[in-house]
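So this block is run-v3.txt, compact mmCIF, C-alpha atoms (C1' of nucleotides):
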```txt
# COMPACT_ATOMS: atom_id res chain seq x y z
CA MET O 1 123.36 93.92 110.36
CA ALA O 2 119.67 93.23 109.91
CA ARG O 3 117.57 95.09 107.41
CA PRO O 4 116.24 98.28 108.95
CA ASP O 5 112.54 98.44 109.66
CA THR O 6 110.15 99.91 107.11
CA ARG O 7 109.86 103.30 108.76
CA THR O 8 113.63 103.70 108.71
CA ARG O 9 113.84 102.54 105.09
CA ILE O 10 111.20 105.09 104.16
CA LEU O 11 113.14 107.84 105.93
CA ASP O 12 116.40 106.81 104.25
CA THR O 13 114.80 106.68 100.83
CA ALA O 14 112.96 109.95 101.31
CA LEU O 15 116.15 111.75 102.35
CA ARG O 16 118.01 110.41 99.35
CA LEU O 17 115.28 111.30 96.87
CA PHE O 18 114.52 114.69 98.41
CA LEU O 19 118.18 115.62 98.14
CA ALA O 20 118.33 114.48 94.53
CA LYS O 21 115.11 116.00 93.22
CA GLY O 22 113.54 118.12 95.91
CA SER O 23 110.45 117.02 97.77
CA GLU O 24 108.10 118.45 95.15
CA GLY O 25 109.69 116.29 92.50
CA VAL O 26 109.39 113.04 94.39
CA ALA O 27 106.23 110.92 94.24
CA VAL O 28 105.13 108.89 97.23
CA THR O 29 105.09 106.00 94.80
CA ALA O 30 108.83 106.43 94.29
CA ILE O 31 109.47 106.48 98.02
CA GLU O 32 107.51 103.25 98.40
CA GLU O 33 109.46 101.66 95.60
CA GLY O 34 112.81 102.73 97.06
CA ALA O 35 111.81 101.39 100.45
CA GLY O 36 111.00 97.99 98.99
CA LEU O 37 107.26 98.44 99.16
CA SER O 38 104.93 97.95 96.24
CA PRO O 39 104.74 101.25 94.34
CA GLY O 40 101.24 102.62 94.22
CA SER O 41 100.16 100.68 97.29
CA GLY O 42 99.36 103.06 100.09
CA SER O 43 101.68 101.18 102.44
CA PHE O 44 103.58 104.41 102.93
CA TYR O 45 100.55 105.80 104.72
CA ARG O 46 100.74 103.16 107.46
CA HIS O 47 103.89 104.96 108.59
CA PHE O 48 103.37 108.62 107.70
CA ARG O 49 100.28 110.71 107.27
CA SER O 50 101.49 112.60 104.21
CA LYS O 51 104.53 113.58 102.19
CA ASP O 52 104.88 116.75 104.23
CA ASP O 53 104.82 114.57 107.32
CA VAL O 54 107.74 112.45 106.12
CA LEU O 55 109.66 115.58 105.12
CA ALA O 56 109.26 116.89 108.65
CA ALA O 57 110.39 113.54 110.06
CA VAL O 58 113.43 113.47 107.78
CA VAL O 59 114.45 116.96 108.86
CA ASP O 60 113.87 116.08 112.51
CA ARG O 61 116.09 113.05 112.26
CA GLU O 62 118.89 115.00 110.57
CA VAL O 63 118.66 117.79 113.12
CA ASP O 64 118.81 115.24 115.92
CA ARG O 65 121.88 113.66 114.38
CA ALA O 66 123.53 117.05 114.01
CA ALA O 67 122.64 118.07 117.56
CA GLU O 68 124.08 114.85 118.99
CA ARG O 69 127.51 115.66 117.68
CA ARG O 70 129.78 117.00 120.34
CA VAL O 71 131.73 120.02 119.25
CA VAL O 72 135.36 119.48 120.20
CA PRO O 73 136.55 122.42 122.25
CA GLY O 74 139.41 124.60 120.94
CA ALA O 75 142.12 122.24 119.74
CA SER O 76 145.85 122.93 119.61
CA ASP O 77 146.22 125.25 116.63
CA LEU O 78 144.01 127.29 114.35
CA ALA O 79 144.60 125.18 111.26
CA GLY O 80 143.49 122.11 113.22
CA ASP O 81 140.42 123.98 114.39
CA TYR O 82 139.47 124.94 110.87
CA LEU O 83 140.01 121.43 109.58
CA ALA O 84 137.78 120.12 112.35
CA SER O 85 135.16 122.69 111.39
CA LEU O 86 135.21 121.49 107.80
CA SER O 87 134.65 117.94 109.03
CA ALA O 88 131.81 119.12 111.22
CA LEU O 89 130.28 120.77 108.18
CA ASP O 90 130.59 117.47 106.32
CA ASP O 91 128.39 115.84 108.90
CA LEU O 92 125.84 118.57 108.37
CA ARG O 93 125.80 117.98 104.65
CA PRO O 94 122.44 116.23 104.35
CA LEU O 95 120.83 118.84 106.55
CA VAL O 96 122.38 121.71 104.63
CA GLY O 97 121.38 120.04 101.38
CA LEU O 98 117.78 119.89 102.53
CA LEU O 99 117.95 123.48 103.66
CA ILE O 100 119.25 124.61 100.29
CA ARG O 101 116.78 122.62 98.23
CA GLU O 102 113.67 123.17 100.29
CA GLY O 103 114.43 126.69 101.40
CA ALA O 104 111.90 128.41 103.59
CA ARG O 105 109.44 125.62 102.94
CA LEU O 106 111.22 123.51 105.53
CA PRO O 107 109.45 122.78 108.79
CA HIS O 108 111.12 123.55 112.11
CA LEU O 109 113.31 126.14 110.45
CA ASP O 110 113.99 127.78 113.81
CA ARG O 111 115.39 124.62 115.31
CA VAL O 112 117.51 124.02 112.22
CA ARG O 113 118.92 127.51 112.51
CA ASP O 114 119.66 127.03 116.21
CA VAL O 115 121.59 123.83 115.63
CA LEU O 116 123.58 125.34 112.78
CA ALA O 117 124.30 128.40 114.89
CA GLU O 118 125.53 126.23 117.75
CA GLN O 119 127.87 124.42 115.39
CA GLY O 120 129.20 127.74 114.17
CA ALA O 121 129.53 129.23 117.63
CA ARG O 122 132.99 127.87 118.12
CA LEU O 123 134.22 130.21 115.42
CA ASP O 124 133.49 132.93 117.84
CA ALA O 125 134.87 136.41 117.60
CA ASP O 126 135.49 136.32 121.34
CA VAL O 127 138.08 133.58 121.01
CA LEU O 128 139.90 135.56 118.35
CA ALA O 129 139.69 138.74 120.39
CA ALA O 130 141.21 136.94 123.38
CA ARG O 131 144.10 135.64 121.29
CA MET O 132 144.65 139.10 119.90
CA ALA O 133 144.71 140.57 123.40
CA ALA O 134 147.19 137.88 124.45
CA GLY O 135 149.39 138.89 121.52
CA GLU O 136 149.20 135.44 119.93
CA ILE O 137 147.81 136.81 116.70
CA PRO O 138 147.97 140.30 115.22
CA GLN O 139 145.50 142.91 116.38
CA ARG O 140 142.66 143.22 113.88
CA ASP O 141 138.91 143.66 113.71
CA ALA O 142 138.08 140.41 115.56
CA GLU O 143 134.45 140.33 114.53
CA GLY O 144 135.41 140.96 110.93
CA VAL O 145 138.04 138.23 110.95
CA ALA O 146 135.58 135.78 112.51
CA SER O 147 133.13 136.60 109.75
CA VAL O 148 135.73 136.07 107.02
CA VAL O 149 136.76 132.74 108.54
CA LEU O 150 133.18 131.56 108.92
CA PHE O 151 132.22 132.43 105.36
CA ALA O 152 135.42 131.01 103.92
CA LEU O 153 134.76 127.68 105.61
CA VAL O 154 131.09 127.66 104.71
CA GLY O 155 131.82 128.74 101.15
CA HIS O 156 134.39 125.99 100.74
CA HIS O 157 131.97 123.45 102.09
CA LEU O 158 129.02 124.61 100.00
CA ALA O 159 131.04 124.56 96.80
CA ALA O 160 132.28 121.04 97.50
CA SER O 161 128.77 119.98 98.43
CA PHE O 162 127.21 121.54 95.37
CA PHE O 163 129.67 120.28 92.80
CA GLY O 164 129.79 116.88 94.48
CA GLY O 165 133.49 116.88 95.22
CA PRO O 166 136.46 118.93 96.32
CA VAL O 167 136.83 122.27 94.57
CA GLY O 168 140.09 124.16 94.29
CA VAL O 169 142.83 123.37 96.77
CA ASP O 170 142.34 120.44 99.15
CA ARG O 171 141.01 121.08 102.62
CA GLU O 172 144.25 120.60 104.56
CA ARG O 173 145.90 123.23 102.41
CA PHE O 174 142.85 125.43 102.65
CA ALA O 175 142.78 125.26 106.45
CA ARG O 176 146.53 125.90 106.64
CA VAL O 177 146.41 128.97 104.41
CA LEU O 178 143.37 130.35 106.21
CA ALA O 179 145.08 129.92 109.57
CA SER O 180 148.22 131.61 108.29
CA MET O 181 146.14 134.56 107.11
CA VAL O 182 144.64 134.92 110.56
CA GLU O 183 147.92 134.44 112.38
CA SER O 184 150.12 136.90 110.54
CA MET W 1 107.78 152.88 80.22
CA ALA W 2 105.21 150.79 78.44
CA ARG W 3 104.01 147.48 79.77
CA PRO W 4 106.35 144.73 78.64
CA ASP W 5 104.99 142.29 76.11
CA THR W 6 103.40 139.06 77.21
CA ARG W 7 106.42 136.88 76.59
CA THR W 8 108.53 139.14 78.79
CA ARG W 9 105.86 139.23 81.50
CA ILE W 10 105.74 135.46 81.46
CA LEU W 11 109.52 135.26 81.81
CA ASP W 12 109.52 137.79 84.66
CA THR W 13 106.75 135.99 86.49
CA ALA W 14 108.29 132.57 85.95
CA LEU W 15 111.66 133.73 87.32
CA ARG W 16 110.02 135.21 90.39
CA LEU W 17 107.88 132.16 91.11
CA PHE W 18 110.63 129.64 90.33
CA LEU W 19 112.92 131.41 92.78
CA ALA W 20 110.23 131.44 95.44
CA LYS W 21 108.92 127.90 95.13
CA GLY W 22 111.08 126.00 92.68
CA SER W 23 109.85 125.12 89.22
CA GLU W 24 108.20 121.91 90.41
CA GLY W 25 106.05 123.83 92.82
CA VAL W 26 104.75 126.34 90.30
CA ALA W 27 101.70 125.63 88.15
CA VAL W 28 101.47 127.04 84.64
CA THR W 29 98.16 128.45 85.81
CA ALA W 30 100.00 130.55 88.39
CA ILE W 31 102.43 131.85 85.79
CA GLU W 32 99.50 132.87 83.58
CA GLU W 33 97.87 134.64 86.48
CA GLY W 34 101.06 136.49 87.41
CA ALA W 35 101.55 137.56 83.82
CA GLY W 36 98.06 139.05 83.68
CA LEU W 37 96.58 136.25 81.64
CA SER W 38 93.49 134.33 82.58
CA PRO W 39 94.55 131.45 84.83
CA GLY W 40 93.68 128.09 83.36
CA SER W 41 93.51 129.46 79.83
CA GLY W 42 96.24 127.92 77.74
CA SER W 43 97.44 131.36 76.64
CA PHE W 44 100.82 130.51 78.11
CA TYR W 45 101.22 127.90 75.41
CA ARG W 46 101.06 130.50 72.64
CA HIS W 47 104.47 131.64 73.91
CA PHE W 48 106.17 128.53 75.28
CA ARG W 49 105.78 124.88 74.48
CA SER W 50 105.95 123.68 78.08
CA LYS W 51 107.03 124.56 81.59
CA ASP W 52 110.46 123.06 80.95
CA ASP W 53 110.67 125.28 77.89
CA VAL W 54 110.03 128.44 79.89
CA LEU W 55 112.53 127.31 82.55
CA ALA W 56 115.17 126.99 79.85
CA ALA W 57 114.26 130.41 78.48
CA VAL W 58 114.45 131.98 81.95
CA VAL W 59 117.90 130.51 82.52
CA ASP W 60 119.05 131.60 79.09
CA ARG W 61 117.97 135.15 79.71
CA GLU W 62 119.73 135.29 83.08
CA VAL W 63 122.91 133.81 81.66
CA ASP W 64 122.82 136.37 78.85
CA ARG W 65 122.42 139.17 81.36
CA ALA W 66 125.31 137.85 83.42
CA ALA W 67 127.53 137.41 80.38
CA GLU W 68 126.85 140.97 79.20
CA ARG W 69 128.31 142.45 82.33
CA ARG W 70 131.80 143.74 81.84
CA VAL W 71 134.19 142.77 84.58
CA VAL W 72 136.11 145.85 85.68
CA PRO W 73 139.81 145.17 85.42
CA GLY W 74 141.97 145.28 88.58
CA ALA W 75 141.00 148.45 90.44
CA SER W 76 143.21 150.47 92.77
CA ASP W 77 143.34 148.39 95.95
CA LEU W 78 142.40 144.91 97.06
CA ALA W 79 139.54 145.99 99.30
CA GLY W 80 138.01 147.85 96.35
CA ASP W 81 138.44 144.77 94.20
CA TYR W 82 136.68 142.59 96.73
CA LEU W 83 133.84 145.04 97.16
CA ALA W 84 133.40 145.12 93.39
CA SER W 85 133.36 141.32 93.35
CA LEU W 86 130.58 141.28 95.93
CA SER W 87 128.59 143.65 93.75
CA ALA W 88 129.21 141.46 90.73
CA LEU W 89 127.90 138.52 92.74
CA ASP W 90 124.79 140.55 93.54
CA ASP W 91 124.05 140.81 89.85
CA LEU W 92 124.34 137.05 89.58
CA ARG W 93 121.87 136.52 92.38
CA PRO W 94 118.88 135.38 90.32
CA LEU W 95 121.05 133.02 88.35
CA VAL W 96 122.68 131.61 91.46
CA GLY W 97 119.27 131.30 93.07
CA LEU W 98 118.02 129.24 90.16
CA LEU W 99 121.15 127.15 90.28
CA ILE W 100 120.69 126.43 93.96
CA ARG W 101 116.99 125.64 93.75
CA GLU W 102 116.95 123.66 90.55
CA GLY W 103 120.30 121.98 90.95
CA ALA W 104 121.39 119.56 88.28
CA ARG W 105 117.94 119.70 86.74
CA LEU W 106 118.87 123.00 85.10
CA PRO W 107 119.30 123.08 81.35
CA HIS W 108 122.50 124.48 79.82
CA LEU W 109 124.41 123.76 83.01
CA ASP W 110 127.70 123.89 81.14
CA ARG W 111 127.10 127.40 79.88
CA VAL W 112 126.03 128.51 83.35
CA ARG W 113 129.24 127.13 84.79
CA ASP W 114 131.33 128.84 82.12
CA VAL W 115 129.80 132.24 82.81
CA LEU W 116 130.22 131.86 86.55
CA ALA W 117 133.80 130.73 86.07
CA GLU W 118 134.52 133.77 83.90
CA GLN W 119 133.14 136.04 86.58
CA GLY W 120 135.35 134.37 89.15
CA ALA W 121 138.44 134.44 86.96
CA ARG W 122 139.42 137.90 88.11
CA LEU W 123 140.14 136.49 91.53
CA ASP W 124 142.98 134.74 89.89
CA ALA W 125 145.91 133.25 91.74
CA ASP W 126 148.19 134.70 89.08
CA VAL W 127 147.39 138.25 90.11
CA LEU W 128 148.18 137.43 93.71
CA ALA W 129 151.36 135.63 92.76
CA ALA W 130 152.51 138.66 90.76
CA ARG W 131 151.88 140.98 93.70
CA MET W 132 153.74 138.62 95.97
CA ALA W 133 156.69 138.53 93.58
CA ALA W 134 156.63 142.33 93.43
CA GLY W 135 156.80 142.41 97.23
CA GLU W 136 153.48 144.25 97.54
CA ILE W 137 151.96 141.54 99.68
CA PRO W 138 153.60 138.86 101.81
CA GLN W 139 154.81 135.65 100.18
CA ARG W 140 152.26 132.88 100.69
CA ASP W 141 150.65 129.98 98.87
CA ALA W 142 149.06 132.13 96.14
CA GLU W 143 146.67 129.48 94.92
CA GLY W 144 145.58 128.77 98.47
CA VAL W 145 145.02 132.44 99.23
CA ALA W 146 143.03 132.88 96.02
CA SER W 147 140.88 129.94 97.06
CA VAL W 148 140.27 131.38 100.53
CA VAL W 149 139.36 134.77 99.06
CA LEU W 150 137.03 133.25 96.50
CA PHE W 151 135.18 131.09 99.00
CA ALA W 152 134.99 133.89 101.56
CA LEU W 153 133.35 136.17 99.01
CA VAL W 154 131.06 133.47 97.69
CA GLY W 155 130.18 132.33 101.21
CA HIS W 156 129.34 135.86 102.25
CA HIS W 157 127.19 136.31 99.19
CA LEU W 158 125.38 132.98 99.54
CA ALA W 159 124.58 133.60 103.19
CA ALA W 160 123.19 137.05 102.42
CA SER W 161 121.28 135.61 99.48
CA PHE W 162 119.89 132.73 101.47
CA PHE W 163 118.82 134.64 104.54
CA GLY W 164 117.51 137.47 102.40
CA GLY W 165 119.69 140.19 103.84
CA PRO W 166 123.14 141.07 105.11
CA VAL W 167 124.61 138.57 107.54
CA GLY W 168 127.31 139.42 110.08
CA VAL W 169 129.48 142.45 109.41
CA ASP W 170 128.56 144.72 106.49
CA ARG W 171 130.26 144.21 103.16
CA GLU W 172 132.58 147.22 103.27
CA ARG W 173 133.98 146.01 106.56
CA PHE W 174 134.13 142.45 105.25
CA ALA W 175 136.06 143.49 102.14
CA ARG W 176 138.41 145.64 104.21
CA VAL W 177 139.21 142.86 106.70
CA LEU W 178 139.65 140.30 103.95
CA ALA W 179 142.06 142.61 102.11
CA SER W 180 144.03 143.25 105.30
CA MET W 181 144.36 139.51 105.85
CA VAL W 182 145.80 139.10 102.36
CA GLU W 183 148.06 142.11 102.60
CA SER W 184 149.76 141.46 105.92
C1' DG Z 1 96.61 136.41 70.99
C1' DT Z 2 93.33 135.61 74.48
C1' DC Z 3 89.44 133.40 75.98
C1' DT Z 4 86.13 129.17 77.65
C1' DA Z 5 85.99 124.50 77.98
C1' DT Z 6 87.84 120.16 78.38
C1' DA Z 7 90.71 116.14 77.54
C1' DA Z 8 94.38 113.26 79.41
C1' DC Z 9 97.12 112.33 82.94
C1' DC Z 10 99.34 111.83 87.30
C1' DA Z 11 99.96 112.18 92.25
C1' DG Z 12 98.15 112.11 96.97
C1' DA Z 13 95.46 109.65 99.75
C1' DT Z 14 91.77 105.99 101.24
C1' DA Z 15 89.06 101.29 101.55
C1' DG Z 16 89.05 96.85 102.51
C1' DA Z 17 90.88 92.01 101.71
C1' DC Z 18 94.53 89.14 103.31
C1' DG B 1 101.69 95.66 107.73
C1' DT B 2 101.30 94.98 102.92
C1' DC B 3 98.63 94.28 99.13
C1' DT B 4 95.05 95.47 95.00
C1' DA B 5 91.94 98.70 93.60
C1' DT B 6 90.07 103.09 93.48
C1' DC B 7 88.60 107.89 94.54
C1' DT B 8 89.66 112.57 94.15
C1' DG B 9 91.83 116.70 93.02
C1' DG B 10 94.98 119.27 90.62
C1' DT B 11 98.12 120.05 86.49
C1' DT B 12 99.67 119.89 81.87
C1' DA B 13 98.28 120.64 77.54
C1' DT B 14 94.87 120.98 73.58
C1' DA B 15 90.50 122.44 70.76
C1' DG B 16 88.03 125.79 68.86
C1' DA B 17 85.33 130.28 69.25
C1' DC B 18 86.22 135.20 69.13
```
What is this structure when it is put down as structure tokens?
Amino acid sequence: MARPDTRTRILDTALRLFLAKGSEGVAVTAIEEGAGLSPGSGSFYRHFRSKDDVLAAVVDREVDRAAERRVVPGASDLAGDYLASLSALDDLRPLVGLLIREGARLPHLDRVRDVLAEQGARLDADVLAARMAAGEIPQRDAEGVASVVLFALVGHHLAASFFGGPVGVDRERFARVLASMVES
Amino acid sequence: MARPDTRTRILDTALRLFLAKGSEGVAVTAIEEGAGLSPGSGSFYRHFRSKDDVLAAVVDREVDRAAERRVVPGASDLAGDYLASLSALDDLRPLVGLLIREGARLPHLDRVRDVLAEQGARLDADVLAARMAAGEIPQRDAEGVASVVLFALVGHHLAASFFGGPVGVDRERFARVLASMVES
DNA sequence: GTCTATAACCAGATAGAC
DNA sequence: GTCTATCTGGTTATAGAC
């Protein structure tokens, strides 16, 4: 595994530092240093026009990575579905981290939102409504249940992401309990 | 209602700007301007030693406000409880916003965590376990259910906070559905 | 306590040699 | 493509008059 090229090393370093300190708190000098370039040299600028430019490129790359992921279609049971969703959220972690730290300042916010929405689409109220109609799960406000499930999963993920580790019960147990609350 | 004193105006302005842009992105000049002082004058420094100092003071004030709030003890029904919890989270919004934007850079992080934990304590697994034992709600993994409830509420709140408005179903409906999922 | 003025510093970005 | 060196602008923070 050869050393990645300079552009890639800059992107990797920038992502890491932006997540740790926010883009405002990171000097181009520090990015150069982290990428193995001489700090203070303008070598960074042979690859990106500005710090905003590299932020946009970092976001683009993360969105691309997120978009590439194929969403597995409805698995066997609900608990499995929810566990898979938590894993999918894991993959989105760097992107979500950027979103949280940079807020509305992020470029391409529309595209980011689209990709996140697509990832969340599988937790659709329609699927729940169909299962309710089929009598597989109890009749309830399908849209409301979908909303509860979505926010429970996202909340669990955000807490783990924010505190840097698992919070509360582990994810298998979490998915199991959540499924049981939907199913009965 | 007289105009607040300068120190208070500085704190108010700093909170607003920090939430909007993050503390790194806010110049002391801008805080002075927002507080009705002449931008570029060092008048700010008659009240705070530095920008970090005012950040600490802003956090302190928000934590104090959060700590002052009395948590209403277990109300009549679960849905009412959950609705009250969402309102309590609303009050914490500025503090949570700071936490999200500033991350680990925040001073007094321990105290912040303590206050937030206290606010969340009412969603205790013990209460659920007692109701399960009393036969009021179905027997389930009480700790797991408490975790799901907590993250659902927090997730709902964070999404609303982040996107600047209600997301998905309204909170009454959300609380009602969540309660029904716990109760049956 | 607020102002004008300014010092000291640091970060973003560029020039030109190699 | 990377380096040394530097320009430039903006930000923190201070000095001293009022």
Using only C-alpha atoms, I'd like a table of the residues in chain O that come within 10 Å of chain W; for each, show the closest atom pair and its distance in Å rounded to one decimal, ordered by chain and ascending number, as a tab-separated table.
```
residue	atom	partner	partner_atom	distance
O:Leu19	CA	W:Gly103	CA	9.8
O:Ala20	CA	W:Gly103	CA	8.5
O:Lys21	CA	W:Arg105	CA	8.0
O:Gly22	CA	W:Glu102	CA	8.4
O:Ser23	CA	W:Glu24	CA	9.1
O:Glu24	CA	W:Glu24	CA	5.9
O:Gly25	CA	W:Glu24	CA	6.2
O:Val26	CA	W:Glu24	CA	9.8
O:Gly97	CA	W:Ile100	CA	9.8
O:Leu99	CA	W:Phe162	CA	9.7
O:Ile100	CA	W:Ile100	CA	6.7
O:Arg101	CA	W:Arg101	CA	5.4
O:Glu102	CA	W:Arg101	CA	7.7
O:Gly103	CA	W:Arg101	CA	8.1
O:Ala104	CA	W:Ala20	CA	8.9
O:Arg105	CA	W:Lys21	CA	8.2
O:Pro138	CA	W:Ser184	CA	9.5
O:Arg140	CA	W:Val177	CA	8.0
O:Asp141	CA	W:Val177	CA	7.1
O:Ala142	CA	W:Val177	CA	9.3
O:Glu143	CA	W:Val169	CA	7.4
O:Gly144	CA	W:Val177	CA	6.0
O:Val145	CA	W:Val177	CA	6.4
O:Ala146	CA	W:Gly168	CA	9.4
O:Ser147	CA	W:Gly168	CA	6.5
O:Val148	CA	W:Ala152	CA	5.9
O:Val149	CA	W:Ala152	CA	7.3
O:Leu150	CA	W:Ala152	CA	7.9
O:Phe151	CA	W:Gly155	CA	4.6
O:Ala152	CA	W:Ala152	CA	3.7
O:Leu153	CA	W:Ala152	CA	7.4
O:Val154	CA	W:Gly155	CA	5.9
O:Gly155	CA	W:Gly155	CA	3.9
O:His156	CA	W:Phe151	CA	5.4
O:His157	CA	W:Phe151	CA	8.8
O:Leu158	CA	W:Gly155	CA	7.9
O:Ala159	CA	W:Phe151	CA	8.0
O:Phe162	CA	W:Gly103	CA	8.2
O:Phe163	CA	W:Ala104	CA	9.5
O:Val167	CA	W:Ser147	CA	9.0
O:Gly168	CA	W:Ser147	CA	6.5
O:Val169	CA	W:Gly144	CA	6.3
O:Asp170	CA	W:Gly144	CA	9.0
O:Arg171	CA	W:Gly144	CA	9.9
O:Arg173	CA	W:Gly144	CA	6.8
O:Phe174	CA	W:Gly144	CA	6.0
O:Ala175	CA	W:Val148	CA	8.9
O:Arg176	CA	W:Gly144	CA	8.7
O:Val177	CA	W:Gly144	CA	6.0
O:Leu178	CA	W:Val148	CA	6.6
O:Ser180	CA	W:Arg140	CA	8.7
O:Met181	CA	W:Met181	CA	5.4
O:Val182	CA	W:Met181	CA	6.6
O:Glu183	CA	W:Met181	CA	9.0
O:Ser184	CA	W:Ser184	CA	6.5
```
Query - All residues 12 Å or closer to DC18 (chain Z), only C-alpha atoms (C1' of nucleotides), same chain fewer than 5 positions away omitted, as a VMD selection string - result: chain B and resid 1 to 4
Would you mind listing, for every residue of chain Z within 9 Å of chain O, the two atoms forming the shortest contact and the distance between them in Å to one decimal, using only C-alpha atoms (C1' of nucleotides), sorted by chain and ascending residue number, as CSV?
```
residue,atom,partner,partner_atom,distance
Z:DA11,C1',O:Ala27,CA,6.7
Z:DG12,C1',O:Val28,CA,7.7
Z:DA13,C1',O:Gly42,CA,7.7
Z:DT14,C1',O:Gly42,CA,8.2
```
Query raised in the report: Counting only C-alpha atoms (C1' of nucleotides), which residues of chain B come no farther than 12 Å from chain W, as a count of residues only?
Result: 6
Report task. Tell me, as a list of chain:residue names, which residues lie within 10 Å of DA5 (chain B), counting only C-alpha atoms (C1' of nucleotides); anything in the same chain fewer than 6 positions away does not count. Result ->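 Residues near the query, excluding close chain neighbours: O:Ser41, Z:DA15, Z:DG16.
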Query raised in the report: Leaving out Asp53 (chain O) and any residue of its chain fewer than 2 positions from it, which residues lie within 12 Å of it when counting all atoms listed in the file, given as a ChimeraX atom specification?
Result: /O:10-11,14,23,28,44-45,47-51,55-60,106-108
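By chain and then residue number, the residues within 12 Å of Ser87 (chain W) are W:Arg69, W:Val71, W:Val72, W:Gly80, W:Asp81, W:Tyr82, W:Leu83, W:Ala84, W:Asp90, W:Asp91, W:Leu92, W:Arg93, W:Gln119, W:Leu153, W:Val154, W:His156, W:His157, W:Arg171, W:Glu172, W:Ala175, counting only C-alpha atoms (C1' of nucleotides) and disregarding those fewer than 3 positions away in sequence.
Between CA of Leu95 (chain W) and CA of Thr13 (chain W) there is a distance of 14.7 Å.
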Query raised in the report: How far is it from CA of Ser161 (chain W) to CA of Leu116 (chain W), in Å with one decimal?
Result: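 Computing the Euclidean distance for CA of Ser161 (chain W) and CA of Leu116 (chain W) yields 16.2 Å.
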Requested in this report: Pick out the closest residue to Leu109 (chain W) from this set: W:Val63, W:Arg9, W:Leu89, W:Ala160. Count all atoms listed in the file.
Outcome: W:Val63
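Interatomic distance, C1' of DC18 (chain B) against CA of Ser43 (chain W): 14.0 Å.
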Requested in this report: Taking the point (91.8, 136.1, 75.9) as given in the file, collect each protein or nucleic acid residue that comes within 8 Å of it, counting all atoms listed in the file, and present the set as a ChimeraX atom specification.
Outcome: /W:37-38,41,43 /Z:1-3
